[in-house]
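So this block is final_5.cif, mmCIF, C-alpha atoms:
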```
data_start
loop_
_atom_site.group_PDB
_atom_site.id
_atom_site.type_symbol
_atom_site.label_atom_id
_atom_site.label_comp_id
_atom_site.auth_asym_id
_atom_site.auth_seq_id
_atom_site.Cartn_x
_atom_site.Cartn_y
_atom_site.Cartn_z
ATOM 1 C CA MET A 1 0.000 0.000 0.000
ATOM 2 C CA PRO A 2 1.521 3.311 -0.981
ATOM 3 C CA ASP A 3 2.062 6.147 1.411
ATOM 4 C CA SER A 4 -1.195 7.825 1.942
ATOM 5 C CA PRO A 5 -1.638 10.727 1.913
ATOM 6 C CA THR A 6 1.011 11.618 -0.672
ATOM 7 C CA PRO A 7 1.249 15.305 -1.394
ATOM 8 C CA THR A 8 3.077 16.448 -4.492
ATOM 9 C CA ARG A 9 5.367 18.951 -2.897
ATOM 10 C CA ASP A 10 6.971 19.807 0.375
ATOM 11 C CA SER A 11 4.333 21.363 2.544
ATOM 12 C CA ASN A 12 7.136 22.467 4.810
ATOM 13 C CA ARG A 13 6.899 25.809 3.181
ATOM 14 C CA THR A 14 4.043 26.275 5.577
ATOM 15 C CA ARG A 15 4.866 29.735 6.651
ATOM 16 C CA ALA A 16 3.706 29.877 10.215
ATOM 17 C CA GLY A 17 5.453 27.809 12.756
ATOM 18 C CA GLY A 18 7.168 25.139 10.731
ATOM 19 C CA ALA A 19 10.620 26.031 11.908
ATOM 20 C CA LYS A 20 9.518 26.117 15.498
ATOM 21 C CA ASP A 21 8.713 22.417 15.355
ATOM 22 C CA ALA A 22 12.343 21.430 15.215
ATOM 23 C CA PRO A 23 13.822 19.875 18.333
ATOM 24 C CA ALA A 24 15.037 22.459 20.800
ATOM 25 C CA ALA A 25 18.579 21.125 20.753
ATOM 26 C CA PRO A 26 20.381 18.407 18.839
ATOM 27 C CA ALA A 27 20.916 15.175 20.659
ATOM 28 C CA THR A 28 24.433 14.088 21.451
ATOM 29 C CA GLY A 29 25.645 10.834 20.022
ATOM 30 C CA LEU A 30 27.768 8.215 21.775
ATOM 31 C CA SER A 31 30.885 9.686 20.238
ATOM 32 C CA GLY A 32 30.149 13.005 21.887
ATOM 33 C CA LEU A 33 29.511 14.621 18.527
ATOM 34 C CA ALA A 34 26.134 16.296 18.072
ATOM 35 C CA SER A 35 23.799 14.392 15.761
ATOM 36 C CA SER A 36 21.999 16.534 13.243
ATOM 37 C CA PRO A 37 18.330 17.260 13.958
ATOM 38 C CA SER A 38 17.347 15.378 10.814
ATOM 39 C CA THR A 39 19.234 12.284 11.978
ATOM 40 C CA VAL A 40 17.530 12.480 15.333
ATOM 41 C CA ALA A 41 14.137 12.950 13.696
ATOM 42 C CA ALA A 42 14.746 9.985 11.387
ATOM 43 C CA ASP A 43 15.712 7.825 14.336
ATOM 44 C CA VAL A 44 12.631 8.892 16.288
ATOM 45 C CA LEU A 45 10.447 8.176 13.276
ATOM 46 C CA ALA A 46 11.955 4.739 12.743
ATOM 47 C CA ARG A 47 11.429 3.825 16.387
ATOM 48 C CA ALA A 48 7.871 5.132 16.341
ATOM 49 C CA GLN A 49 7.176 3.040 13.248
ATOM 50 C CA ALA A 50 8.468 0.033 15.136
ATOM 51 C CA GLY A 51 5.921 0.676 17.876
ATOM 52 C CA ASP A 52 8.058 2.534 20.398
ATOM 53 C CA HIS A 53 5.590 4.556 22.447
ATOM 54 C CA GLN A 54 8.247 6.907 23.768
ATOM 55 C CA ALA A 55 9.324 7.700 20.237
ATOM 56 C CA PHE A 56 5.742 8.396 19.254
ATOM 57 C CA SER A 57 5.426 10.884 22.092
ATOM 58 C CA GLN A 58 8.600 12.543 20.806
ATOM 59 C CA LEU A 59 7.069 12.744 17.352
ATOM 60 C CA TYR A 60 4.060 14.400 18.917
ATOM 61 C CA SER A 61 6.309 16.948 20.614
ATOM 62 C CA LEU A 62 8.068 17.672 17.358
ATOM 63 C CA HIS A 63 4.921 18.216 15.317
ATOM 64 C CA LYS A 64 2.154 19.178 17.739
ATOM 65 C CA ARG A 65 2.484 22.928 17.306
ATOM 66 C CA ARG A 66 2.283 22.796 13.550
ATOM 67 C CA ILE A 67 -0.618 20.377 13.430
ATOM 68 C CA TYR A 68 -2.631 22.114 16.120
ATOM 69 C CA SER A 69 -2.073 25.472 14.452
ATOM 70 C CA LEU A 70 -3.191 24.058 11.129
ATOM 71 C CA CYS A 71 -6.392 22.701 12.684
ATOM 72 C CA LEU A 72 -7.041 25.964 14.481
ATOM 73 C CA ARG A 73 -6.632 28.006 11.315
ATOM 74 C CA MET A 74 -8.905 25.740 9.343
ATOM 75 C CA VAL A 75 -11.783 25.535 11.810
ATOM 76 C CA GLY A 76 -11.276 28.726 13.826
ATOM 77 C CA ASN A 77 -12.414 27.070 17.047
ATOM 78 C CA ILE A 78 -10.149 26.000 19.912
ATOM 79 C CA ALA A 79 -12.190 23.040 21.166
ATOM 80 C CA GLU A 80 -12.614 21.648 17.667
ATOM 81 C CA ALA A 81 -8.940 22.204 16.910
ATOM 82 C CA GLU A 82 -8.014 20.200 19.996
ATOM 83 C CA ASP A 83 -10.297 17.339 18.966
ATOM 84 C CA LEU A 84 -8.947 17.390 15.438
ATOM 85 C CA THR A 85 -5.365 17.412 16.660
ATOM 86 C CA GLN A 86 -6.134 14.343 18.734
ATOM 87 C CA GLU A 87 -7.755 12.657 15.784
ATOM 88 C CA ALA A 88 -4.854 13.511 13.489
ATOM 89 C CA PHE A 89 -2.317 11.980 15.858
ATOM 90 C CA LEU A 90 -4.490 8.939 16.421
ATOM 91 C CA GLN A 91 -4.670 8.478 12.663
ATOM 92 C CA LEU A 92 -0.925 8.924 12.589
ATOM 93 C CA HIS A 93 -0.513 6.221 15.207
ATOM 94 C CA ARG A 94 -2.618 3.836 13.153
ATOM 95 C CA LYS A 95 -0.950 4.601 9.845
ATOM 96 C CA ILE A 96 2.618 5.388 10.733
ATOM 97 C CA ALA A 97 3.856 1.959 9.706
ATOM 98 C CA THR A 98 2.604 2.629 6.160
ATOM 99 C CA PHE A 99 4.843 5.663 5.766
ATOM 100 C CA ARG A 100 7.617 4.649 3.400
ATOM 101 C CA GLY A 101 9.439 7.902 2.980
ATOM 102 C CA ASP A 102 8.260 8.764 -0.529
ATOM 103 C CA SER A 103 7.832 12.302 0.773
ATOM 104 C CA ALA A 104 9.079 14.173 3.806
ATOM 105 C CA PHE A 105 7.392 12.887 6.935
ATOM 106 C CA SER A 106 6.268 16.374 7.946
ATOM 107 C CA THR A 107 4.626 16.787 4.531
ATOM 108 C CA TRP A 108 2.872 13.465 4.859
ATOM 109 C CA LEU A 109 1.646 14.297 8.350
ATOM 110 C CA HIS A 110 0.522 17.749 7.287
ATOM 111 C CA ARG A 111 -1.548 16.262 4.492
ATOM 112 C CA LEU A 112 -2.962 13.635 6.833
ATOM 113 C CA ALA A 113 -4.067 16.376 9.230
ATOM 114 C CA VAL A 114 -5.673 18.379 6.439
ATOM 115 C CA ASN A 115 -7.629 15.286 5.452
ATOM 116 C CA VAL A 116 -8.789 14.790 9.036
ATOM 117 C CA VAL A 117 -10.059 18.363 9.136
ATOM 118 C CA LEU A 118 -11.761 18.048 5.764
ATOM 119 C CA MET A 119 -13.453 14.860 6.896
ATOM 120 C CA GLN A 120 -14.789 16.689 9.920
ATOM 121 C CA LEU A 121 -16.005 19.594 7.827
ATOM 122 C CA ARG A 122 -17.816 17.170 5.539
ATOM 123 C CA LYS A 123 -19.466 15.578 8.549
ATOM 124 C CA LYS A 124 -20.609 19.013 9.591
ATOM 125 C CA GLY A 125 -22.276 19.452 6.250
ATOM 126 C CA LEU A 126 -19.842 21.583 4.314
ATOM 127 C CA SER A 127 -20.127 20.139 0.849
ATOM 128 C CA LEU A 128 -16.688 19.949 -0.619
ATOM 129 C CA ILE A 129 -17.772 17.700 -3.403
ATOM 130 C CA SER A 130 -19.805 20.223 -5.301
ATOM 131 C CA LEU A 131 -17.906 23.345 -4.491
ATOM 132 C CA ASP A 132 -19.149 25.057 -7.594
ATOM 133 C CA GLU A 133 -22.681 25.101 -6.247
ATOM 134 C CA ALA A 134 -22.402 24.628 -2.526
ATOM 135 C CA MET A 135 -19.698 27.183 -1.945
ATOM 136 C CA GLU A 136 -21.066 29.824 -4.246
ATOM 137 C CA PRO A 137 -22.267 32.546 -1.934
ATOM 138 C CA THR A 138 -25.519 34.341 -2.249
ATOM 139 C CA PRO A 139 -25.195 37.685 -4.065
ATOM 140 C CA GLU A 140 -25.165 39.624 -0.832
ATOM 141 C CA GLU A 141 -22.405 37.382 0.537
ATOM 142 C CA GLY A 142 -20.226 37.659 -2.543
ATOM 143 C CA PRO A 143 -17.392 40.100 -3.005
ATOM 144 C CA SER A 144 -18.067 43.296 -4.836
ATOM 145 C CA ARG A 145 -16.625 43.970 -8.256
ATOM 146 C CA SER A 146 -14.277 46.851 -8.580
ATOM 147 C CA PHE A 147 -15.199 49.069 -11.442
ATOM 148 C CA GLY A 148 -17.184 52.178 -12.087
ATOM 149 C CA ALA A 149 -16.294 54.082 -8.947
ATOM 150 C CA PRO A 150 -13.113 55.176 -7.295
ATOM 151 C CA ASP A 151 -12.192 52.832 -4.436
ATOM 152 C CA PRO A 152 -10.115 53.527 -1.385
ATOM 153 C CA THR A 153 -7.136 51.215 -1.454
ATOM 154 C CA LEU A 154 -5.449 49.375 1.370
ATOM 155 C CA SER A 155 -2.364 51.545 0.913
ATOM 156 C CA GLY A 156 -0.031 48.584 0.895
ATOM 157 C CA THR A 157 -0.369 47.803 4.598
ATOM 158 C CA ILE A 158 -2.771 45.613 6.498
ATOM 159 C CA ASP A 159 -3.175 45.221 10.204
ATOM 160 C CA ARG A 160 -2.570 41.543 10.923
ATOM 161 C CA LEU A 161 -5.288 41.264 13.549
ATOM 162 C CA ALA A 162 -7.778 42.999 11.294
ATOM 163 C CA LEU A 163 -6.993 40.533 8.539
ATOM 164 C CA GLU A 164 -7.288 37.581 10.926
ATOM 165 C CA ARG A 165 -10.705 38.820 11.990
ATOM 166 C CA ALA A 166 -11.754 39.270 8.388
ATOM 167 C CA VAL A 167 -10.574 35.738 7.559
ATOM 168 C CA ALA A 168 -12.527 34.368 10.514
ATOM 169 C CA ASP A 169 -15.642 36.090 9.192
ATOM 170 C CA LEU A 170 -15.345 34.592 5.719
ATOM 171 C CA PRO A 171 -17.915 32.001 4.666
ATOM 172 C CA ALA A 172 -16.519 28.524 5.418
ATOM 173 C CA GLY A 173 -15.724 27.613 1.823
ATOM 174 C CA TYR A 174 -13.837 30.807 1.131
ATOM 175 C CA ARG A 175 -11.951 30.564 4.399
ATOM 176 C CA LEU A 176 -10.920 26.987 3.699
ATOM 177 C CA ILE A 177 -9.401 27.749 0.308
ATOM 178 C CA PHE A 178 -7.758 30.952 1.503
ATOM 179 C CA ILE A 179 -6.143 29.150 4.438
ATOM 180 C CA LEU A 180 -5.024 26.200 2.351
ATOM 181 C CA HIS A 181 -3.518 28.335 -0.399
ATOM 182 C CA ASP A 182 -2.392 31.634 1.045
ATOM 183 C CA VAL A 183 -1.570 30.579 4.597
ATOM 184 C CA GLU A 184 -0.626 26.897 4.363
ATOM 185 C CA GLY A 185 0.969 27.151 0.952
ATOM 186 C CA PHE A 186 -0.840 24.407 -0.963
ATOM 187 C CA GLU A 187 -0.988 24.698 -4.736
ATOM 188 C CA HIS A 188 -4.274 24.845 -6.618
ATOM 189 C CA ASN A 189 -3.857 21.351 -8.030
ATOM 190 C CA GLU A 190 -3.371 19.982 -4.517
ATOM 191 C CA ILE A 191 -6.376 21.861 -3.198
ATOM 192 C CA ALA A 192 -8.477 20.656 -6.102
ATOM 193 C CA SER A 193 -7.434 17.106 -5.323
ATOM 194 C CA MET A 194 -8.149 17.435 -1.604
ATOM 195 C CA LEU A 195 -11.479 19.186 -2.024
ATOM 196 C CA GLU A 196 -12.552 17.193 -5.064
ATOM 197 C CA CYS A 197 -13.180 20.281 -7.134
ATOM 198 C CA SER A 198 -11.699 21.637 -10.333
ATOM 199 C CA ILE A 199 -8.469 23.619 -10.358
ATOM 200 C CA GLY A 200 -10.372 26.479 -11.956
ATOM 201 C CA ASN A 201 -12.831 26.408 -9.111
ATOM 202 C CA SER A 202 -10.045 26.557 -6.561
ATOM 203 C CA LYS A 203 -8.576 29.601 -8.328
ATOM 204 C CA SER A 204 -11.947 31.254 -8.583
ATOM 205 C CA GLN A 205 -12.857 30.663 -4.927
ATOM 206 C CA LEU A 206 -9.492 31.962 -3.757
ATOM 207 C CA HIS A 207 -9.916 35.079 -5.850
ATOM 208 C CA LYS A 208 -13.376 35.663 -4.414
ATOM 209 C CA ALA A 209 -12.058 35.102 -0.900
ATOM 210 C CA ARG A 210 -9.377 37.749 -1.420
ATOM 211 C CA LEU A 211 -11.927 40.162 -2.895
ATOM 212 C CA LYS A 212 -14.168 39.628 0.086
ATOM 213 C CA LEU A 213 -11.287 40.248 2.466
ATOM 214 C CA ARG A 214 -10.487 43.416 0.562
ATOM 215 C CA ASP A 215 -14.081 44.589 0.966
ATOM 216 C CA ALA A 216 -13.996 43.862 4.692
ATOM 217 C CA LEU A 217 -10.679 45.596 5.244
ATOM 218 C CA ARG A 218 -11.648 48.653 3.238
ATOM 219 C CA ALA A 219 -14.923 48.922 5.109
ATOM 220 C CA GLN A 220 -12.996 48.760 8.338
ATOM 221 C CA ASN A 221 -10.571 51.445 7.144
ATOM 222 C CA CYS A 222 -13.485 53.689 6.199
ATOM 223 C CA GLU A 223 -15.054 53.203 9.615
ATOM 224 C CA GLU A 224 -11.810 54.056 11.349
ATOM 225 C CA ALA A 225 -11.413 57.144 9.187
ATOM 226 C CA ARG A 226 -14.904 58.331 10.123
ATOM 227 C CA SER A 227 -14.463 57.839 13.863
ATOM 228 C CA MET B 1 -16.691 60.049 -15.230
ATOM 229 C CA ILE B 2 -16.001 56.449 -16.084
ATOM 230 C CA SER B 3 -17.474 55.399 -19.379
ATOM 231 C CA GLU B 4 -19.549 52.291 -19.977
ATOM 232 C CA GLN B 5 -16.842 51.033 -22.291
ATOM 233 C CA SER B 6 -14.245 51.457 -19.593
ATOM 234 C CA LYS B 7 -16.426 49.569 -17.111
ATOM 235 C CA LEU B 8 -16.777 46.798 -19.631
ATOM 236 C CA ARG B 9 -13.037 46.541 -20.047
ATOM 237 C CA CYS B 10 -12.614 46.399 -16.259
ATOM 238 C CA ALA B 11 -15.253 43.686 -15.992
ATOM 239 C CA GLU B 12 -13.601 41.651 -18.716
ATOM 240 C CA PHE B 13 -10.190 42.019 -17.147
ATOM 241 C CA GLN B 14 -11.440 41.159 -13.671
ATOM 242 C CA ALA B 15 -13.208 38.089 -15.016
ATOM 243 C CA GLN B 16 -9.815 36.850 -16.245
ATOM 244 C CA LEU B 17 -8.040 37.649 -12.985
ATOM 245 C CA PRO B 18 -8.559 34.355 -11.110
ATOM 246 C CA GLU B 19 -6.948 32.454 -13.959
ATOM 247 C CA LEU B 20 -4.192 35.024 -14.516
ATOM 248 C CA ILE B 21 -3.229 35.155 -10.856
ATOM 249 C CA GLY B 22 -3.806 31.448 -10.273
ATOM 250 C CA ALA B 23 -1.525 30.580 -13.156
ATOM 251 C CA GLY B 24 1.196 32.691 -11.600
ATOM 252 C CA GLU B 25 1.211 35.191 -14.445
ATOM 253 C CA ASP B 26 2.148 38.804 -13.876
ATOM 254 C CA ALA B 27 -1.287 40.363 -14.066
ATOM 255 C CA SER B 28 0.199 43.817 -13.631
ATOM 256 C CA ALA B 29 1.738 43.464 -17.074
ATOM 257 C CA HIS B 30 -1.692 43.107 -18.670
ATOM 258 C CA PRO B 31 -2.345 45.969 -21.135
ATOM 259 C CA HIS B 32 -5.554 46.941 -19.383
ATOM 260 C CA VAL B 33 -3.787 47.485 -16.080
ATOM 261 C CA GLN B 34 -1.349 49.886 -17.657
ATOM 262 C CA SER B 35 -4.181 52.279 -18.423
ATOM 263 C CA CYS B 36 -6.636 51.590 -15.579
ATOM 264 C CA GLU B 37 -6.027 53.022 -12.160
ATOM 265 C CA LEU B 38 -8.908 51.084 -10.598
ATOM 266 C CA CYS B 39 -7.678 47.703 -11.710
ATOM 267 C CA ARG B 40 -4.133 48.620 -10.780
ATOM 268 C CA ALA B 41 -5.321 49.460 -7.272
ATOM 269 C CA LEU B 42 -7.301 46.238 -7.128
ATOM 270 C CA LEU B 43 -4.264 44.192 -8.068
ATOM 271 C CA ALA B 44 -2.114 45.997 -5.525
ATOM 272 C CA ASP B 45 -4.649 45.264 -2.793
ATOM 273 C CA LEU B 46 -4.908 41.598 -3.719
ATOM 274 C CA GLU B 47 -1.145 41.283 -3.637
ATOM 275 C CA THR B 48 -1.038 43.006 -0.256
ATOM 276 C CA ILE B 49 -3.607 40.583 1.124
ATOM 277 C CA ALA B 50 -1.787 37.519 -0.236
ATOM 278 C CA GLU B 51 1.485 38.821 1.186
ATOM 279 C CA ALA B 52 -0.068 39.574 4.574
ATOM 280 C CA ALA B 53 -1.576 36.091 4.708
ATOM 281 C CA ARG B 54 1.902 34.638 5.135
ATOM 282 C CA GLN B 55 2.188 36.353 8.475
ATOM 283 C CA LEU B 56 -1.226 35.291 9.700
ATOM 284 C CA PHE B 57 -2.046 33.034 12.576
ATOM 285 C CA PRO B 58 1.242 32.497 14.359
ATOM 286 C CA SER B 59 1.585 28.908 15.453
ATOM 287 C CA VAL B 60 0.424 27.996 18.906
ATOM 288 C CA GLU B 61 1.048 25.160 21.292
ATOM 289 C CA PRO B 62 -1.835 22.795 22.035
ATOM 290 C CA PRO B 63 -2.730 22.390 25.719
ATOM 291 C CA ASP B 64 -1.158 19.433 27.534
ATOM 292 C CA LYS B 65 -4.526 17.703 27.843
ATOM 293 C CA VAL B 66 -4.472 16.978 24.115
ATOM 294 C CA TRP B 67 -1.539 14.596 24.516
ATOM 295 C CA ASP B 68 -3.118 13.067 27.623
ATOM 296 C CA GLN B 69 -6.205 12.269 25.592
ATOM 297 C CA ILE B 70 -4.218 10.907 22.675
ATOM 298 C CA GLU B 71 -2.253 8.687 25.016
ATOM 299 C CA SER B 72 -5.419 7.397 26.684
ATOM 300 C CA ALA B 73 -7.027 6.662 23.334
ATOM 301 C CA ILE B 74 -3.932 4.794 22.132
ATOM 302 C CA LYS B 75 -3.905 2.694 25.291
ATOM 303 C CA ARG B 76 -7.601 1.921 24.848
ATOM 304 C CA GLU B 77 -6.995 1.032 21.231
ATOM 305 C CA GLU B 78 -4.079 -1.244 22.036
ATOM 306 C CA GLY B 79 -5.982 -2.794 24.924
ATOM 307 C CA ASP B 80 -9.010 -3.486 22.784
ATOM 308 C CA GLY B 81 -7.035 -4.528 19.771
ATOM 309 C CA SER B 82 -9.418 -2.308 17.864
ATOM 310 C CA GLU B 83 -9.366 1.182 16.471
ATOM 311 C CA PRO B 84 -11.230 3.851 18.359
ATOM 312 C CA SER B 85 -13.863 5.511 16.274
ATOM 313 C CA GLY B 86 -13.852 9.245 15.791
ATOM 314 C CA ALA B 87 -12.346 11.728 18.178
ATOM 315 C CA PRO B 88 -11.385 10.423 21.611
ATOM 316 C CA GLN B 89 -13.624 11.177 24.541
ATOM 317 C CA PRO B 90 -12.411 13.992 26.746
#
```

Will you turn the file into structure tokens for me?
Amino acid sequence: MPDSPTPTRDSNRTRAGGAKDAPAAPATGLSGLASSPSTVAADVLARAQAGDHQAFSQLYSLHKRRIYSLCLRMVGNIAEAEDLTQEAFLQLHRKIATFRGDSAFSTWLHRLAVNVVLMQLRKKGLSLISLDEAMEPTPEEGPSRSFGAPDPTLSGTIDRLALERAVADLPAGYRLIFILHDVEGFEHNEIASMLECSIGNSKSQLHKARLKLRDALRAQNCEEARS
Amino acid sequence: MISEQSKLRCAEFQAQLPELIGAGEDASAHPHVQSCELCRALLADLETIAEAARQLFPSVEPPDKVWDQIESAIKREEGDGSEPSGAPQP
């Protein structure tokens, strides 16, 4: 059975937090020379695959921050993110022996966690199968076009917290694609594969998500200017 | 005053934007953008948002109880010889 999930590129370009998941300090080998973090990680992985519980807990320590953060971004709810993190690591425990190293382990785990979250979202009724219909917002929910009237621009700077709030307020489908592409760094073909939609649909939904964020941020700027 | 023809050109350009941007093309090099301040501003904003997204949501540590629950579920699973279904009970 092939590695599953098998992403097509290194999801380690995840921008938030990836580097923080590295071990705090390299382990010291018997010779007294420091082993590289990758050697340590490979050893931990091999032992975890062999059923070493201690090694599995080390794997958890290495990857928990990244996986929890991913879940939190995707669902925007702490309690759900905790449950999903648990589920992702339980899935990992069940499947770890099937990992053959076709991709980086962190990439494989990242993809596994995304799938766990998507499964949960499907259970909650978010149709990811027919994105074209189910994720199309009503006209009043959709982003505005930008022609015919002068628009205030964002002036090249965005307050991070304001953007995070605006992302949290996006309709679920928009938020999902925005997080997967712009925050987590997945490519459109990967998103299309994960969400079972067309690549064109992924591009279109991302564009609409960004337009909607632009609307929200400009409205907020206007409000601040008035007050 | 923005003419109807100009609006039409903006609409046509903006309809192509998802594909242009999604394909990684330099949309700012599109002929329409060179002559349209509105679409230039739109593109600049979209780029600003995409850039800002990379700094969003700094990673956070899960609470310790998450590992406790994972560990309990694994022990249950190994004890049962079966896979637990769904998320573990708190």

Compare B:Gly79, B:Pro62, B:Gly24, B:Pro31 by their minimum atom-to-atom distance to chain A, counting only C-alpha atoms, and give me the closest one. B:Pro62

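In terms of minimum interatomic distance to chain A, B:Gln69 ranks closest within B:Asp80, B:His32, B:Gln69, B:Ala27, counting only C-alpha atoms.
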
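The smallest atom-to-atom distance between Gln55 of chain B and any of A:Glu190, A:Glu223, A:Glu164, A:Asp169, using all atoms listed in the file, is found for A:Glu164.
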
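Across the structure, atom CA of Leu38 of chain B and atom CA of Lys203 of chain A are spaced 21.6 Å apart.
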
Applying 9 Å and all atoms listed in the file, which residues near Trp67 of chain B remain after dropping the ones on its own chain fewer than 6 positions away? List them as an NGL selection string. :A and (57 or 60 or 64 or 86)

Hey, what's within 12 Å of Leu20 of chain B if we count all atoms listed in the file and toss same-chain stuff fewer than 3 positions away? As an MDAnalysis selection string, please? (chainID A and resid 200 203:204 207) or (chainID B and resid 13:17 23:30 43)

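Put simply, atom CA of Leu176 of chain A is 27.9 Å away from atom CA of Cys10 of chain B.
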
Nearest to Ala44 of chain B: which of A:Asn189, A:Ser61, A:Thr157, A:Ser202 is it, counting only C-alpha atoms? A:Thr157

Could I get segment 167-193 of chain A from the block written out with C-alpha atoms, as a PDB file, in the first residue's frame?
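The result, stored in result_3.pdb:
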```
ATOM      1  CA  VAL A 167     -10.574  35.738   7.559  1.00  0.00           C
ATOM      2  CA  ALA A 168     -12.527  34.368  10.514  1.00  0.00           C
ATOM      3  CA  ASP A 169     -15.642  36.090   9.192  1.00  0.00           C
ATOM      4  CA  LEU A 170     -15.345  34.592   5.719  1.00  0.00           C
ATOM      5  CA  PRO A 171     -17.915  32.001   4.666  1.00  0.00           C
ATOM      6  CA  ALA A 172     -16.519  28.524   5.418  1.00  0.00           C
ATOM      7  CA  GLY A 173     -15.724  27.613   1.823  1.00  0.00           C
ATOM      8  CA  TYR A 174     -13.837  30.807   1.131  1.00  0.00           C
ATOM      9  CA  ARG A 175     -11.951  30.564   4.399  1.00  0.00           C
ATOM     10  CA  LEU A 176     -10.920  26.987   3.699  1.00  0.00           C
ATOM     11  CA  ILE A 177      -9.401  27.749   0.308  1.00  0.00           C
ATOM     12  CA  PHE A 178      -7.758  30.952   1.503  1.00  0.00           C
ATOM     13  CA  ILE A 179      -6.143  29.150   4.438  1.00  0.00           C
ATOM     14  CA  LEU A 180      -5.024  26.200   2.351  1.00  0.00           C
ATOM     15  CA  HIS A 181      -3.518  28.335  -0.399  1.00  0.00           C
ATOM     16  CA  ASP A 182      -2.392  31.634   1.045  1.00  0.00           C
ATOM     17  CA  VAL A 183      -1.570  30.579   4.597  1.00  0.00           C
ATOM     18  CA  GLU A 184      -0.626  26.897   4.363  1.00  0.00           C
ATOM     19  CA  GLY A 185       0.969  27.151   0.952  1.00  0.00           C
ATOM     20  CA  PHE A 186      -0.840  24.407  -0.963  1.00  0.00           C
ATOM     21  CA  GLU A 187      -0.988  24.698  -4.736  1.00  0.00           C
ATOM     22  CA  HIS A 188      -4.274  24.845  -6.618  1.00  0.00           C
ATOM     23  CA  ASN A 189      -3.857  21.351  -8.030  1.00  0.00           C
ATOM     24  CA  GLU A 190      -3.371  19.982  -4.517  1.00  0.00           C
ATOM     25  CA  ILE A 191      -6.376  21.861  -3.198  1.00  0.00           C
ATOM     26  CA  ALA A 192      -8.477  20.656  -6.102  1.00  0.00           C
ATOM     27  CA  SER A 193      -7.434  17.106  -5.323  1.00  0.00           C
TER      28      SER A 193
END
```
